[in-house]
>>> print(open('work-v3.tsv').read())   # TSV, C-alpha atoms and all ligand atoms
chain	number	residue	atom	x	y	z
A	14	MET	CA	-9.41	-26.86	-7.23
A	15	LYS	CA	-7.35	-27.72	-4.14
A	16	ILE	CA	-4.12	-26.21	-2.80
A	17	LYS	CA	-1.32	-28.69	-3.49
A	18	LYS	CA	1.94	-26.85	-2.83
A	19	ILE	CA	3.09	-23.58	-1.24
A	20	GLN	CA	6.67	-22.69	-2.19
A	21	LEU	CA	8.73	-19.67	-1.22
A	22	GLY	CA	11.55	-17.76	-2.83
A	23	GLU	CA	13.06	-14.29	-3.11
A	24	ILE	CA	13.19	-11.51	-5.62
A	25	ILE	CA	15.49	-8.47	-5.77
A	26	VAL	CA	14.55	-5.43	-7.87
A	27	PRO	CA	16.75	-2.30	-7.70
A	28	LEU	CA	15.00	1.05	-7.24
A	29	ARG	CA	15.43	4.03	-9.58
A	30	THR	CA	16.49	6.16	-6.61
A	31	PRO	CA	16.82	5.25	-2.91
A	32	PHE	CA	13.45	5.33	-1.14
A	33	LYS	CA	13.72	7.67	1.85
A	34	THR	CA	11.09	8.45	4.47
A	35	SER	CA	11.33	9.78	8.02
A	36	LEU	CA	11.54	6.09	9.07
A	37	ARG	CA	14.07	4.47	6.69
A	38	THR	CA	16.18	4.43	3.52
A	39	VAL	CA	16.03	1.51	1.07
A	40	ASP	CA	17.85	0.85	-2.28
A	41	ALA	CA	16.04	-2.20	-3.62
A	42	VAL	CA	12.87	-4.22	-3.30
A	43	HIS	CA	14.09	-7.49	-1.74
A	44	ASP	CA	10.96	-9.48	-0.99
A	45	ILE	CA	9.69	-12.96	-0.29
A	46	VAL	CA	7.73	-14.46	-3.19
A	47	VAL	CA	5.11	-17.11	-2.55
A	48	LYS	CA	4.11	-19.56	-5.28
A	49	VAL	CA	0.92	-21.50	-4.65
A	50	THR	CA	0.10	-24.44	-6.96
A	51	THR	CA	-3.22	-26.30	-7.09
A	52	ASP	CA	-4.03	-29.90	-8.00
A	53	THR	CA	-5.37	-28.59	-11.32
A	54	GLY	CA	-2.00	-27.02	-12.19
A	55	HIS	CA	-3.13	-23.42	-11.59
A	56	VAL	CA	-0.49	-21.16	-10.06
A	57	GLY	CA	-0.73	-18.02	-7.94
A	58	TYR	CA	2.31	-15.79	-7.44
A	59	VAL	CA	2.35	-13.24	-4.64
A	60	GLU	CA	4.86	-11.27	-2.64
A	61	ALA	CA	5.55	-10.09	0.91
A	62	PRO	CA	7.91	-7.19	1.69
A	63	PRO	CA	9.88	-7.21	4.96
A	64	THR	CA	8.90	-3.79	6.38
A	65	ALA	CA	10.28	-4.22	9.90
A	66	VAL	CA	9.79	-0.55	10.87
A	67	ILE	CA	6.07	-0.77	10.11
A	68	THR	CA	4.84	-4.36	10.41
A	69	GLY	CA	7.74	-5.78	12.46
A	70	GLU	CA	8.46	-8.45	9.84
A	71	THR	CA	11.70	-9.61	8.24
A	72	ARG	CA	12.29	-12.00	5.34
A	73	ALA	CA	13.13	-14.75	7.85
A	74	SER	CA	9.99	-14.13	9.93
A	75	ILE	CA	7.75	-14.06	6.84
A	76	ARG	CA	9.29	-17.29	5.63
A	77	SER	CA	8.87	-19.18	8.87
A	78	ALA	CA	5.34	-17.84	9.48
A	79	ILE	CA	4.25	-19.26	6.13
A	80	GLU	CA	6.30	-22.46	6.11
A	81	GLU	CA	5.77	-23.51	9.71
A	82	LEU	CA	2.32	-22.20	10.61
A	83	ILE	CA	0.22	-21.12	7.62
A	84	ALA	CA	1.03	-23.59	4.83
A	85	PRO	CA	0.29	-26.76	6.88
A	86	LYS	CA	-3.23	-25.43	7.56
A	87	LEU	CA	-4.03	-24.69	3.93
A	88	ILE	CA	-2.52	-27.56	1.96
A	89	GLY	CA	-5.34	-29.72	0.57
A	90	ARG	CA	-8.00	-27.01	1.09
A	91	ASP	CA	-10.64	-26.28	-1.57
A	92	ILE	CA	-9.97	-22.85	-3.07
A	93	LEU	CA	-13.68	-21.93	-3.22
A	94	ALA	CA	-14.04	-22.25	0.57
A	95	MET	CA	-12.86	-18.66	1.04
A	96	GLU	CA	-14.43	-17.99	4.45
A	97	ASP	CA	-13.05	-21.17	6.02
A	98	ASN	CA	-9.65	-20.67	4.41
A	99	GLN	CA	-9.46	-17.11	5.71
A	100	GLU	CA	-10.36	-18.27	9.20
A	101	LEU	CA	-7.55	-20.83	9.08
A	102	LEU	CA	-5.10	-18.24	7.74
A	103	HIS	CA	-5.90	-15.56	10.31
A	104	SER	CA	-6.01	-17.95	13.25
A	105	ALA	CA	-2.66	-19.54	12.36
A	106	LEU	CA	-0.80	-16.82	14.30
A	107	ILE	CA	-1.25	-13.25	15.48
A	108	GLY	CA	0.44	-10.27	13.77
A	109	ASN	CA	2.69	-11.14	10.80
A	110	THR	CA	0.38	-9.21	8.51
A	111	SER	CA	2.58	-9.27	5.39
A	112	ALA	CA	3.04	-13.04	5.58
A	113	LYS	CA	-0.73	-13.38	5.90
A	114	ALA	CA	-1.30	-10.85	3.10
A	115	ALA	CA	0.82	-12.85	0.67
A	116	VAL	CA	-1.13	-16.04	1.29
A	117	ASP	CA	-4.48	-14.18	1.31
A	118	MET	CA	-3.68	-12.66	-2.11
A	119	ALA	CA	-2.85	-16.11	-3.47
A	120	LEU	CA	-6.18	-17.40	-2.14
A	121	TYR	CA	-8.00	-14.57	-3.96
A	122	ASP	CA	-5.94	-15.00	-7.12
A	123	LEU	CA	-6.75	-18.71	-7.37
A	124	TRP	CA	-10.39	-18.19	-6.28
A	125	ALA	CA	-10.89	-15.75	-9.16
A	126	GLN	CA	-9.02	-18.08	-11.52
A	127	GLU	CA	-11.46	-20.83	-10.55
A	128	LEU	CA	-14.37	-18.43	-11.19
A	129	GLY	CA	-12.81	-17.57	-14.57
A	130	GLN	CA	-12.82	-13.81	-13.87
A	131	PRO	CA	-10.17	-11.17	-13.32
A	132	LEU	CA	-10.11	-10.56	-9.57
A	133	TYR	CA	-11.43	-6.99	-9.74
A	134	ARG	CA	-14.50	-8.20	-11.64
A	135	ALA	CA	-15.00	-11.16	-9.27
A	136	LEU	CA	-15.03	-8.57	-6.44
A	137	GLY	CA	-17.74	-6.61	-8.23
A	138	GLY	CA	-15.69	-3.87	-9.86
A	139	SER	CA	-15.92	-2.32	-13.29
A	140	ARG	CA	-13.20	0.35	-13.37
A	141	ASN	CA	-10.54	-0.98	-15.70
A	142	VAL	CA	-8.18	1.99	-15.48
A	143	ILE	CA	-7.07	3.66	-12.26
A	144	GLU	CA	-4.56	6.44	-11.65
A	145	THR	CA	-1.81	6.41	-9.04
A	146	ASP	CA	0.37	9.07	-7.48
A	147	LEU	CA	4.18	8.82	-7.23
A	148	THR	CA	6.18	9.14	-4.03
A	149	ILE	CA	8.92	11.76	-3.76
A	150	SER	CA	11.49	10.72	-1.13
A	151	VAL	CA	12.62	13.11	1.58
A	152	ASN	CA	15.95	14.69	0.54
A	153	ASP	CA	17.60	18.07	0.10
A	154	VAL	CA	15.23	20.68	-1.29
A	155	GLU	CA	16.94	20.79	-4.73
A	156	GLU	CA	16.86	17.00	-5.10
A	157	MET	CA	13.17	16.85	-4.18
A	158	VAL	CA	12.36	19.57	-6.72
A	159	ARG	CA	14.33	17.64	-9.38
A	160	ASP	CA	12.55	14.37	-8.53
A	161	SER	CA	9.15	16.12	-8.62
A	162	LEU	CA	9.80	17.62	-12.06
A	163	GLU	CA	11.00	14.24	-13.34
A	164	ALA	CA	7.79	12.62	-12.03
A	165	ILE	CA	5.70	15.18	-13.90
A	166	ARG	CA	7.74	14.60	-17.06
A	167	ARG	CA	6.87	10.90	-16.71
A	168	GLY	CA	3.15	11.80	-16.63
A	169	PHE	CA	2.28	11.75	-12.92
A	170	LYS	CA	-0.24	14.42	-11.93
A	171	VAL	CA	-0.36	13.59	-8.22
A	172	LEU	CA	2.76	13.58	-6.05
A	173	LYS	CA	3.05	12.21	-2.54
A	174	ILE	CA	5.80	14.11	-0.80
A	175	LYS	CA	7.66	12.45	2.06
A	176	ILE	CA	8.56	14.92	4.81
A	177	GLY	CA	8.40	14.87	8.59
A	178	LYS	CA	12.05	15.26	9.56
A	179	ASN	CA	12.31	18.95	10.43
A	180	GLU	CA	9.46	21.44	10.46
A	181	ALA	CA	11.27	24.48	9.01
A	182	LEU	CA	12.96	22.45	6.30
A	183	ASP	CA	9.72	20.59	5.53
A	184	LEU	CA	8.02	23.90	4.84
A	185	LYS	CA	10.87	24.94	2.51
A	186	ARG	CA	10.60	21.60	0.69
A	187	ILE	CA	6.87	21.97	0.02
A	188	GLU	CA	7.17	25.65	-0.97
A	189	ALA	CA	9.96	24.88	-3.43
A	190	ILE	CA	8.11	21.91	-4.94
A	191	ARG	CA	4.84	23.85	-5.28
A	192	SER	CA	6.53	26.76	-7.00
A	193	ALA	CA	8.40	24.40	-9.38
A	194	VAL	CA	5.45	22.18	-10.37
A	195	GLY	CA	2.79	24.91	-10.67
A	196	LYS	CA	-0.72	24.92	-9.25
A	197	ASP	CA	-2.32	22.11	-11.29
A	198	ILE	CA	-0.32	19.25	-9.83
A	199	VAL	CA	-1.94	17.64	-6.78
A	200	LEU	CA	0.39	17.51	-3.78
A	201	ARG	CA	-0.26	15.21	-0.85
A	202	VAL	CA	2.10	15.03	2.10
A	203	ASP	CA	3.21	12.03	4.19
A	204	ALA	CA	4.99	12.82	7.47
A	205	ASN	CA	5.33	9.14	8.46
A	206	GLN	CA	4.75	10.02	12.15
A	207	GLY	CA	7.61	12.54	12.07
A	208	TRP	CA	5.97	15.45	13.98
A	209	ASN	CA	4.41	15.97	17.39
A	210	VAL	CA	0.94	17.55	17.72
A	211	LYS	CA	2.28	21.09	18.11
A	212	GLU	CA	4.63	20.80	15.14
A	213	ALA	CA	1.91	19.24	12.99
A	214	LEU	CA	-0.62	22.00	13.71
A	215	SER	CA	1.98	24.70	13.22
A	216	ILE	CA	3.16	23.41	9.83
A	217	ILE	CA	-0.39	22.71	8.62
A	218	ASP	CA	-1.30	26.30	9.51
A	219	LYS	CA	1.66	27.54	7.46
A	220	PHE	CA	0.72	25.31	4.49
A	221	GLU	CA	-2.71	26.96	4.56
A	222	LYS	CA	-1.55	30.57	5.10
A	223	ARG	CA	0.94	30.30	2.26
A	224	GLY	CA	-1.68	28.78	-0.05
A	225	LEU	CA	0.37	25.69	-0.85
A	226	GLY	CA	-2.71	23.71	-1.88
A	227	ILE	CA	-2.05	20.49	0.03
A	228	GLU	CA	-4.70	17.86	-0.65
A	229	LEU	CA	-4.16	15.80	2.51
A	230	ILE	CA	-1.66	15.11	5.29
A	231	GLU	CA	-0.80	11.49	5.98
A	232	GLN	CA	0.08	10.20	9.47
A	233	PRO	CA	1.40	13.46	10.95
A	234	ILE	CA	2.21	11.96	14.37
A	235	HIS	CA	3.10	8.69	16.05
A	236	PHE	CA	0.78	5.77	15.30
A	237	SER	CA	0.15	5.05	18.98
A	238	ASN	CA	-0.97	8.60	19.81
A	239	LEU	CA	-4.68	8.44	18.95
A	240	GLN	CA	-5.49	11.40	21.21
A	241	GLY	CA	-2.93	13.41	19.24
A	242	MET	CA	-4.42	12.31	15.92
A	243	ILE	CA	-7.85	13.39	17.21
A	244	GLU	CA	-6.48	16.80	18.15
A	245	VAL	CA	-4.68	17.33	14.84
A	246	THR	CA	-7.74	16.18	12.84
A	247	LYS	CA	-10.01	18.51	14.83
A	248	HIS	CA	-7.89	21.62	14.30
A	249	SER	CA	-6.49	20.99	10.83
A	250	SER	CA	-8.04	22.70	7.84
A	251	ILE	CA	-6.40	20.08	5.60
A	252	PRO	CA	-7.83	16.51	5.68
A	253	ILE	CA	-5.79	14.11	7.85
A	254	MET	CA	-5.18	10.54	6.77
A	255	ALA	CA	-4.30	7.66	9.11
A	256	ASP	CA	-1.80	5.12	7.78
A	257	GLU	CA	0.47	3.50	10.40
A	258	SER	CA	-2.37	3.97	12.96
A	259	ILE	CA	-4.60	1.48	11.15
A	260	PHE	CA	-3.79	-2.17	10.60
A	261	SER	CA	-7.07	-3.95	11.39
A	262	PRO	CA	-10.82	-3.33	11.11
A	263	ILE	CA	-10.86	-2.73	14.91
A	264	HIS	CA	-8.29	0.08	14.52
A	265	ALA	CA	-10.33	1.55	11.67
A	266	LEU	CA	-13.50	1.49	13.75
A	267	GLU	CA	-11.81	3.17	16.72
A	268	VAL	CA	-10.11	5.87	14.63
A	269	ILE	CA	-13.31	6.61	12.71
A	270	GLN	CA	-15.60	6.66	15.77
A	271	ARG	CA	-13.23	8.94	17.70
A	272	ARG	CA	-12.51	11.07	14.62
A	273	GLY	CA	-8.80	10.42	14.64
A	274	ALA	CA	-8.58	10.92	10.86
A	275	ASP	CA	-10.65	12.05	7.87
A	276	ILE	CA	-9.30	9.41	5.47
A	277	ILE	CA	-7.92	5.89	5.91
A	278	ASN	CA	-4.94	4.48	4.07
A	279	ILE	CA	-5.46	0.75	3.56
A	280	LYS	CA	-2.46	-1.40	2.72
A	281	LEU	CA	-2.77	-5.13	2.21
A	282	MET	CA	0.52	-5.64	4.06
A	283	LYS	CA	-0.95	-4.01	7.17
A	284	SER	CA	-4.44	-5.56	7.03
A	285	GLY	CA	-3.14	-9.06	6.36
A	286	GLY	CA	-4.61	-9.10	2.85
A	287	ILE	CA	-7.75	-8.45	0.85
A	288	TYR	CA	-10.25	-10.16	3.18
A	289	GLN	CA	-9.55	-7.83	6.10
A	290	ALA	CA	-9.10	-4.86	3.75
A	291	LEU	CA	-12.68	-5.46	2.58
A	292	ASN	CA	-13.80	-5.38	6.23
A	293	ILE	CA	-12.00	-2.04	6.75
A	294	LEU	CA	-13.59	-0.72	3.56
A	295	SER	CA	-17.06	-1.70	4.79
A	296	ILE	CA	-16.54	0.11	8.10
A	297	ALA	CA	-15.29	3.20	6.26
A	298	GLN	CA	-18.17	3.06	3.80
A	299	ILE	CA	-20.78	2.86	6.59
A	300	HIS	CA	-19.27	5.99	8.16
A	301	ASN	CA	-18.81	7.77	4.84
A	302	VAL	CA	-15.03	7.91	5.26
A	303	PRO	CA	-13.07	7.76	1.99
A	304	CYS	CA	-10.07	5.46	1.66
A	305	MET	CA	-6.72	5.36	-0.04
A	306	ILE	CA	-5.12	2.15	-1.15
A	307	GLY	CA	-1.38	2.21	-0.63
A	308	CYS	CA	1.51	-0.20	-0.80
A	309	MET	CA	4.84	-0.78	0.91
A	310	LEU	CA	7.99	-1.01	-1.16
A	311	GLU	CA	6.74	-3.81	-3.37
A	312	SER	CA	7.25	-4.89	-6.95
A	313	LYS	CA	4.37	-5.40	-9.35
A	314	ILE	CA	3.62	-8.89	-7.99
A	315	SER	CA	1.70	-7.85	-4.89
A	316	VAL	CA	0.83	-4.33	-6.05
A	317	SER	CA	-1.23	-6.10	-8.73
A	318	ALA	CA	-3.50	-7.47	-6.00
A	319	ALA	CA	-3.92	-3.99	-4.50
A	320	ALA	CA	-4.71	-2.63	-7.98
A	321	HIS	CA	-7.46	-5.25	-8.39
A	322	LEU	CA	-8.95	-4.18	-5.05
A	323	ALA	CA	-8.73	-0.49	-6.01
A	324	ALA	CA	-10.42	-1.20	-9.34
A	325	ALA	CA	-13.14	-3.14	-7.54
A	326	LYS	CA	-14.13	-0.61	-4.89
A	327	ASN	CA	-15.59	2.82	-5.59
A	328	SER	CA	-14.96	4.02	-2.01
A	329	ILE	CA	-11.22	3.92	-2.73
A	330	LEU	CA	-10.86	7.52	-3.87
A	331	TYR	CA	-7.07	7.78	-3.58
A	332	VAL	CA	-4.58	5.40	-5.17
A	333	ASP	CA	-0.97	5.24	-4.02
A	334	LEU	CA	0.30	2.17	-5.84
A	335	ASP	CA	3.65	3.47	-6.99
A	336	GLY	CA	5.83	0.49	-6.01
A	337	PRO	CA	6.30	-0.62	-9.65
A	338	GLY	CA	6.91	3.01	-10.71
A	339	LEU	CA	9.86	3.21	-8.29
A	340	CYS	CA	11.48	0.00	-9.60
A	341	THR	CA	14.08	-0.14	-12.40
A	342	ILE	CA	12.63	-3.30	-13.92
A	343	ASP	CA	9.32	-5.14	-13.96
A	344	PRO	CA	9.87	-8.84	-13.16
A	345	VAL	CA	6.25	-9.80	-13.84
A	346	LEU	CA	4.87	-11.34	-17.00
A	347	GLY	CA	1.14	-10.53	-17.23
A	348	GLY	CA	-1.01	-8.78	-14.64
A	349	PRO	CA	-2.26	-5.19	-14.81
A	350	SER	CA	0.00	-2.88	-16.81
A	351	PHE	CA	1.58	-0.07	-14.88
A	352	GLU	CA	2.11	2.69	-17.42
A	353	GLU	CA	3.49	5.49	-15.28
A	354	GLU	CA	0.42	7.14	-13.65
A	355	LYS	CA	-2.07	4.78	-15.32
A	356	ILE	CA	-2.77	1.26	-14.11
A	357	ILE	CA	-4.66	-0.66	-16.78
A	358	MET	CA	-6.38	-3.84	-15.65
A	359	ASN	CA	-5.86	-7.05	-17.55
A	360	GLU	CA	-8.75	-9.38	-18.31
A	361	ARG	CA	-7.04	-12.69	-17.56
A	362	PRO	CA	-8.64	-14.62	-14.67
A	363	GLY	CA	-7.26	-13.98	-11.17
A	364	LEU	CA	-4.46	-11.43	-10.79
A	365	GLY	CA	-3.43	-12.26	-14.36
A	366	ILE	CA	0.20	-12.97	-13.48
A	367	GLU	CA	1.79	-15.62	-15.70
A	368	ALA	CA	5.40	-15.81	-14.55
A	369	ILE	CA	8.06	-14.00	-12.50
A	370	GLU	CA	11.48	-13.37	-14.01
A	371	GLY	CA	14.46	-13.73	-11.69
A	372	LEU	CA	12.50	-15.65	-9.05
A	373	ARG	CA	14.76	-17.91	-6.97
A	374	LEU	CA	12.74	-20.51	-5.07
A	375	TYR	CA	14.34	-21.81	-1.86
B	401	MG	MG	2.22	6.46	4.63
>>> encode(input="work-v3.tsv", output="structure tokens", more="lines below")
Ligand code: MG
Amino acid sequence: MKIKKIQLGEIIVPLRTPFKTSLRTVDAVHDIVVKVTTDTGHVGYVEAPPTAVITGETRASIRSAIEELIAPKLIGRDILAMEDNQELLHSALIGNTSAKAAVDMALYDLWAQELGQPLYRALGGSRNVIETDLTISVNDVEEMVRDSLEAIRRGFKVLKIKIGKNEALDLKRIEAIRSAVGKDIVLRVDANQGWNVKEALSIIDKFEKRGLGIELIEQPIHFSNLQGMIEVTKHSSIPIMADESIFSPIHALEVIQRRGADIINIKLMKSGGIYQALNILSIAQIHNVPCMIGCMLESKISVSAAAHLAAAKNSILYVDLDGPGLCTIDPVLGGPSFEEEKIIMNERPGLGIEAIEGLRLY
């Protein structure tokens, strides 16, 4: 099976409610879709979100990275030559991790199709159901309480609360949500780099003293401040997770060795795809550090690849694959089924995606 054609297009999927973090506000998933066709007529569909505030990429940059630099290297390549193909992909240019991730996911999709196995099984996994949390955007206290109760009504048992804008208000938000949802719902918090070290330690101390039962704190301070992450991790009684701090296996190694976090959030759009995510997972596994698999604002197309990885790897203890749960419609025919908090794997070879509705190829 050889790669014959790499085509690009766009998809727009409106969100149920605007997605708000301390970094940005977004109303719709508006992503680049990549369609890879082989000489045998097999097709892989994948997606890359333009998350400029995190990866530095835009739709235009993703498009030109793939069209001008990546596709010419991979056309005509045998899909089973994974190592060589990955070397070509990752040496095509530096950075541009979402563009690379999209192509990497297509390589894995078609590789597993050639092997005749669903990707999670080809990667050695056996979990066919996984459970995800749902993100609650940062808003007024009342709105966040309403959104949390709605999430629970939909079946979610784990909520990831976006805060990090203002320490006093953040505390009110978490207190109000905890008292509304009761003690059995798991609450994790993502500050998206919104605090400094002092603010982080002060609010974490208050979370603890008030018995708010926070499972973990994600990226409390700026991604570039490793010393600060080390300090917060050392003094926090709640586990600290690194997200924006870790893109590559080298970052993971440094953060783990210097104890700059207790948990690592892996996202395919940061690592440049599954191949490098597996390297991060190996480093974490050697050091006994658990991982989360997360996603950017993505539709089911690329979140399906992350779900396959999550289902394949037992060291992924936390699943934050709520992109499809935030969308109003599901444009994907086939693939894992996202039934609110449950993600049920599908046994078709590869990612299992058959077609994308509303896809406009360039
Ligand atoms: Mg995060």
>>> residues_near_ligand(input="work-v3.tsv", ligand="ligand MG 401 (chain B)", cutoff="9 Å", atoms="all atoms listed in the file", output="ChimeraX atom specification")
/A:175,202-206,231-232,254-257,278,307-309
>>> residues_around(input="work-v3.tsv", residues="stretch 335-338 of chain A", least_positions_apart="3", cutoff="10 Å", atoms="only C-alpha atoms", output="number ranges by chain")
A: 26, 28-29, 42, 144-148, 164, 167, 173, 307-317, 332, 341-344, 350-354, 356
>>> write_last_selection(input="work-v3.tsv", atoms="C-alpha atoms", output="PDB file, in the coordinates of the input")
ATOM      1  CA  VAL A  26      14.550  -5.430  -7.870  1.00  0.00           C
ATOM      2  CA  LEU A  28      15.000   1.050  -7.240  1.00  0.00           C
ATOM      3  CA  ARG A  29      15.430   4.030  -9.580  1.00  0.00           C
ATOM      4  CA  VAL A  42      12.870  -4.220  -3.300  1.00  0.00           C
ATOM      5  CA  GLU A 144      -4.560   6.440 -11.650  1.00  0.00           C
ATOM      6  CA  THR A 145      -1.810   6.410  -9.040  1.00  0.00           C
ATOM      7  CA  ASP A 146       0.370   9.070  -7.480  1.00  0.00           C
ATOM      8  CA  LEU A 147       4.180   8.820  -7.230  1.00  0.00           C
ATOM      9  CA  THR A 148       6.180   9.140  -4.030  1.00  0.00           C
ATOM     10  CA  ALA A 164       7.790  12.620 -12.030  1.00  0.00           C
ATOM     11  CA  ARG A 167       6.870  10.900 -16.710  1.00  0.00           C
ATOM     12  CA  LYS A 173       3.050  12.210  -2.540  1.00  0.00           C
ATOM     13  CA  GLY A 307      -1.380   2.210  -0.630  1.00  0.00           C
ATOM     14  CA  CYS A 308       1.510  -0.200  -0.800  1.00  0.00           C
ATOM     15  CA  MET A 309       4.840  -0.780   0.910  1.00  0.00           C
ATOM     16  CA  LEU A 310       7.990  -1.010  -1.160  1.00  0.00           C
ATOM     17  CA  GLU A 311       6.740  -3.810  -3.370  1.00  0.00           C
ATOM     18  CA  SER A 312       7.250  -4.890  -6.950  1.00  0.00           C
ATOM     19  CA  LYS A 313       4.370  -5.400  -9.350  1.00  0.00           C
ATOM     20  CA  ILE A 314       3.620  -8.890  -7.990  1.00  0.00           C
ATOM     21  CA  SER A 315       1.700  -7.850  -4.890  1.00  0.00           C
ATOM     22  CA  VAL A 316       0.830  -4.330  -6.050  1.00  0.00           C
ATOM     23  CA  SER A 317      -1.230  -6.100  -8.730  1.00  0.00           C
ATOM     24  CA  VAL A 332      -4.580   5.400  -5.170  1.00  0.00           C
ATOM     25  CA  THR A 341      14.080  -0.140 -12.400  1.00  0.00           C
ATOM     26  CA  ILE A 342      12.630  -3.300 -13.920  1.00  0.00           C
ATOM     27  CA  ASP A 343       9.320  -5.140 -13.960  1.00  0.00           C
ATOM     28  CA  PRO A 344       9.870  -8.840 -13.160  1.00  0.00           C
ATOM     29  CA  SER A 350       0.000  -2.880 -16.810  1.00  0.00           C
ATOM     30  CA  PHE A 351       1.580  -0.070 -14.880  1.00  0.00           C
ATOM     31  CA  GLU A 352       2.110   2.690 -17.420  1.00  0.00           C
ATOM     32  CA  GLU A 353       3.490   5.490 -15.280  1.00  0.00           C
ATOM     33  CA  GLU A 354       0.420   7.140 -13.650  1.00  0.00           C
ATOM     34  CA  ILE A 356      -2.770   1.260 -14.110  1.00  0.00           C
TER      35      ILE A 356
END
>>> atom_distance(input="work-v3.tsv", atom1="atom CA of A:Tyr375", atom2="atom CA of A:Val46")
10.0 Å
>>> closest_residue(input="work-v3.tsv", among="A:Ile217, A:Leu21, A:Ala297, A:Ala61", to="A:Ile263", atoms="only C-alpha atoms")
A:Ala297
>>> residues_around(input="work-v3.tsv", residues="stretch 113-130 of chain A", least_positions_apart="6", cutoff="7 Å", atoms="only C-alpha atoms", output="PyMOL selection string")
chain A and resi 47+49+57-61+92-93+102+281-282+285-287+318+361-364
>>> atom_distance(input="work-v3.tsv", atom1="atom CA of A:Val302", atom2="atom CA of A:Gly207")
24.1 Å
>>> atom_distance(input="work-v3.tsv", atom1="atom CA of A:Gln270", atom2="atom CA of A:Ser250")
19.4 Å
>>> residues_near_point(input="work-v3.tsv", point="(10.4, 24.7, 1.9)", cutoff="12 Å", atoms="only C-alpha atoms", output="ChimeraX atom specification")
/A:151-155,157-158,174,176,179-193,216,219-220,223,225
>>> closest_residue(input="work-v3.tsv", among="A:Gln20, A:Thr50, A:Ser104, A:Thr38", to="A:Arg76", atoms="only C-alpha atoms")
A:Gln20
>>> residues_around(input="work-v3.tsv", residues="A:Glu70", least_positions_apart="6", cutoff="7 Å", atoms="all atoms listed in the file", output="NGL selection string")
:A and (63-64 or 109)
>>> residues_around(input="work-v3.tsv", residues="A:Tyr331", least_positions_apart="5", cutoff="7 Å", atoms="only C-alpha atoms", output="list of chain:residue names")
A:Cys304, A:Met305, A:Ile306
>>> decode(input="work-v3.tsv", residues="stretch 96-100 of chain A", atoms="all heavy atoms", output="compact mmCIF listing (two decimals), in the first residue's frame")
# COMPACT_ATOMS: atom_id res chain seq x y z
N GLU A 96 8.79 3.69 10.50
CA GLU A 96 9.94 4.41 11.04
C GLU A 96 10.50 5.41 10.02
O GLU A 96 10.73 6.57 10.34
CB GLU A 96 11.05 3.42 11.44
CG GLU A 96 10.74 2.62 12.69
CD GLU A 96 10.92 3.42 13.98
OE1 GLU A 96 11.86 4.22 14.06
OE2 GLU A 96 10.11 3.24 14.90
N ASP A 97 10.70 4.94 8.79
CA ASP A 97 11.26 5.83 7.76
C ASP A 97 10.30 6.98 7.46
O ASP A 97 10.71 8.12 7.29
CB ASP A 97 11.53 5.05 6.46
CG ASP A 97 12.66 4.05 6.63
OD1 ASP A 97 13.37 4.15 7.65
OD2 ASP A 97 12.83 3.18 5.77
N ASN A 98 9.01 6.65 7.39
CA ASN A 98 8.02 7.69 7.09
C ASN A 98 7.99 8.76 8.19
O ASN A 98 7.86 9.95 7.93
CB ASN A 98 6.63 7.08 6.91
CG ASN A 98 6.55 6.21 5.66
OD1 ASN A 98 7.39 6.34 4.76
ND2 ASN A 98 5.57 5.32 5.60
N GLN A 99 8.11 8.30 9.44
CA GLN A 99 8.10 9.26 10.56
C GLN A 99 9.34 10.15 10.51
O GLN A 99 9.26 11.34 10.80
CB GLN A 99 8.03 8.50 11.89
CG GLN A 99 6.67 7.87 12.16
CD GLN A 99 5.58 8.89 12.48
OE1 GLN A 99 5.86 10.04 12.82
NE2 GLN A 99 4.33 8.48 12.37
N GLU A 100 10.47 9.55 10.14
CA GLU A 100 11.69 10.35 10.05
C GLU A 100 11.54 11.43 8.99
O GLU A 100 11.90 12.59 9.20
CB GLU A 100 12.84 9.41 9.66
CG GLU A 100 14.10 9.63 10.46
CD GLU A 100 15.12 8.56 10.13
OE1 GLU A 100 15.00 7.45 10.68
OE2 GLU A 100 16.01 8.84 9.30
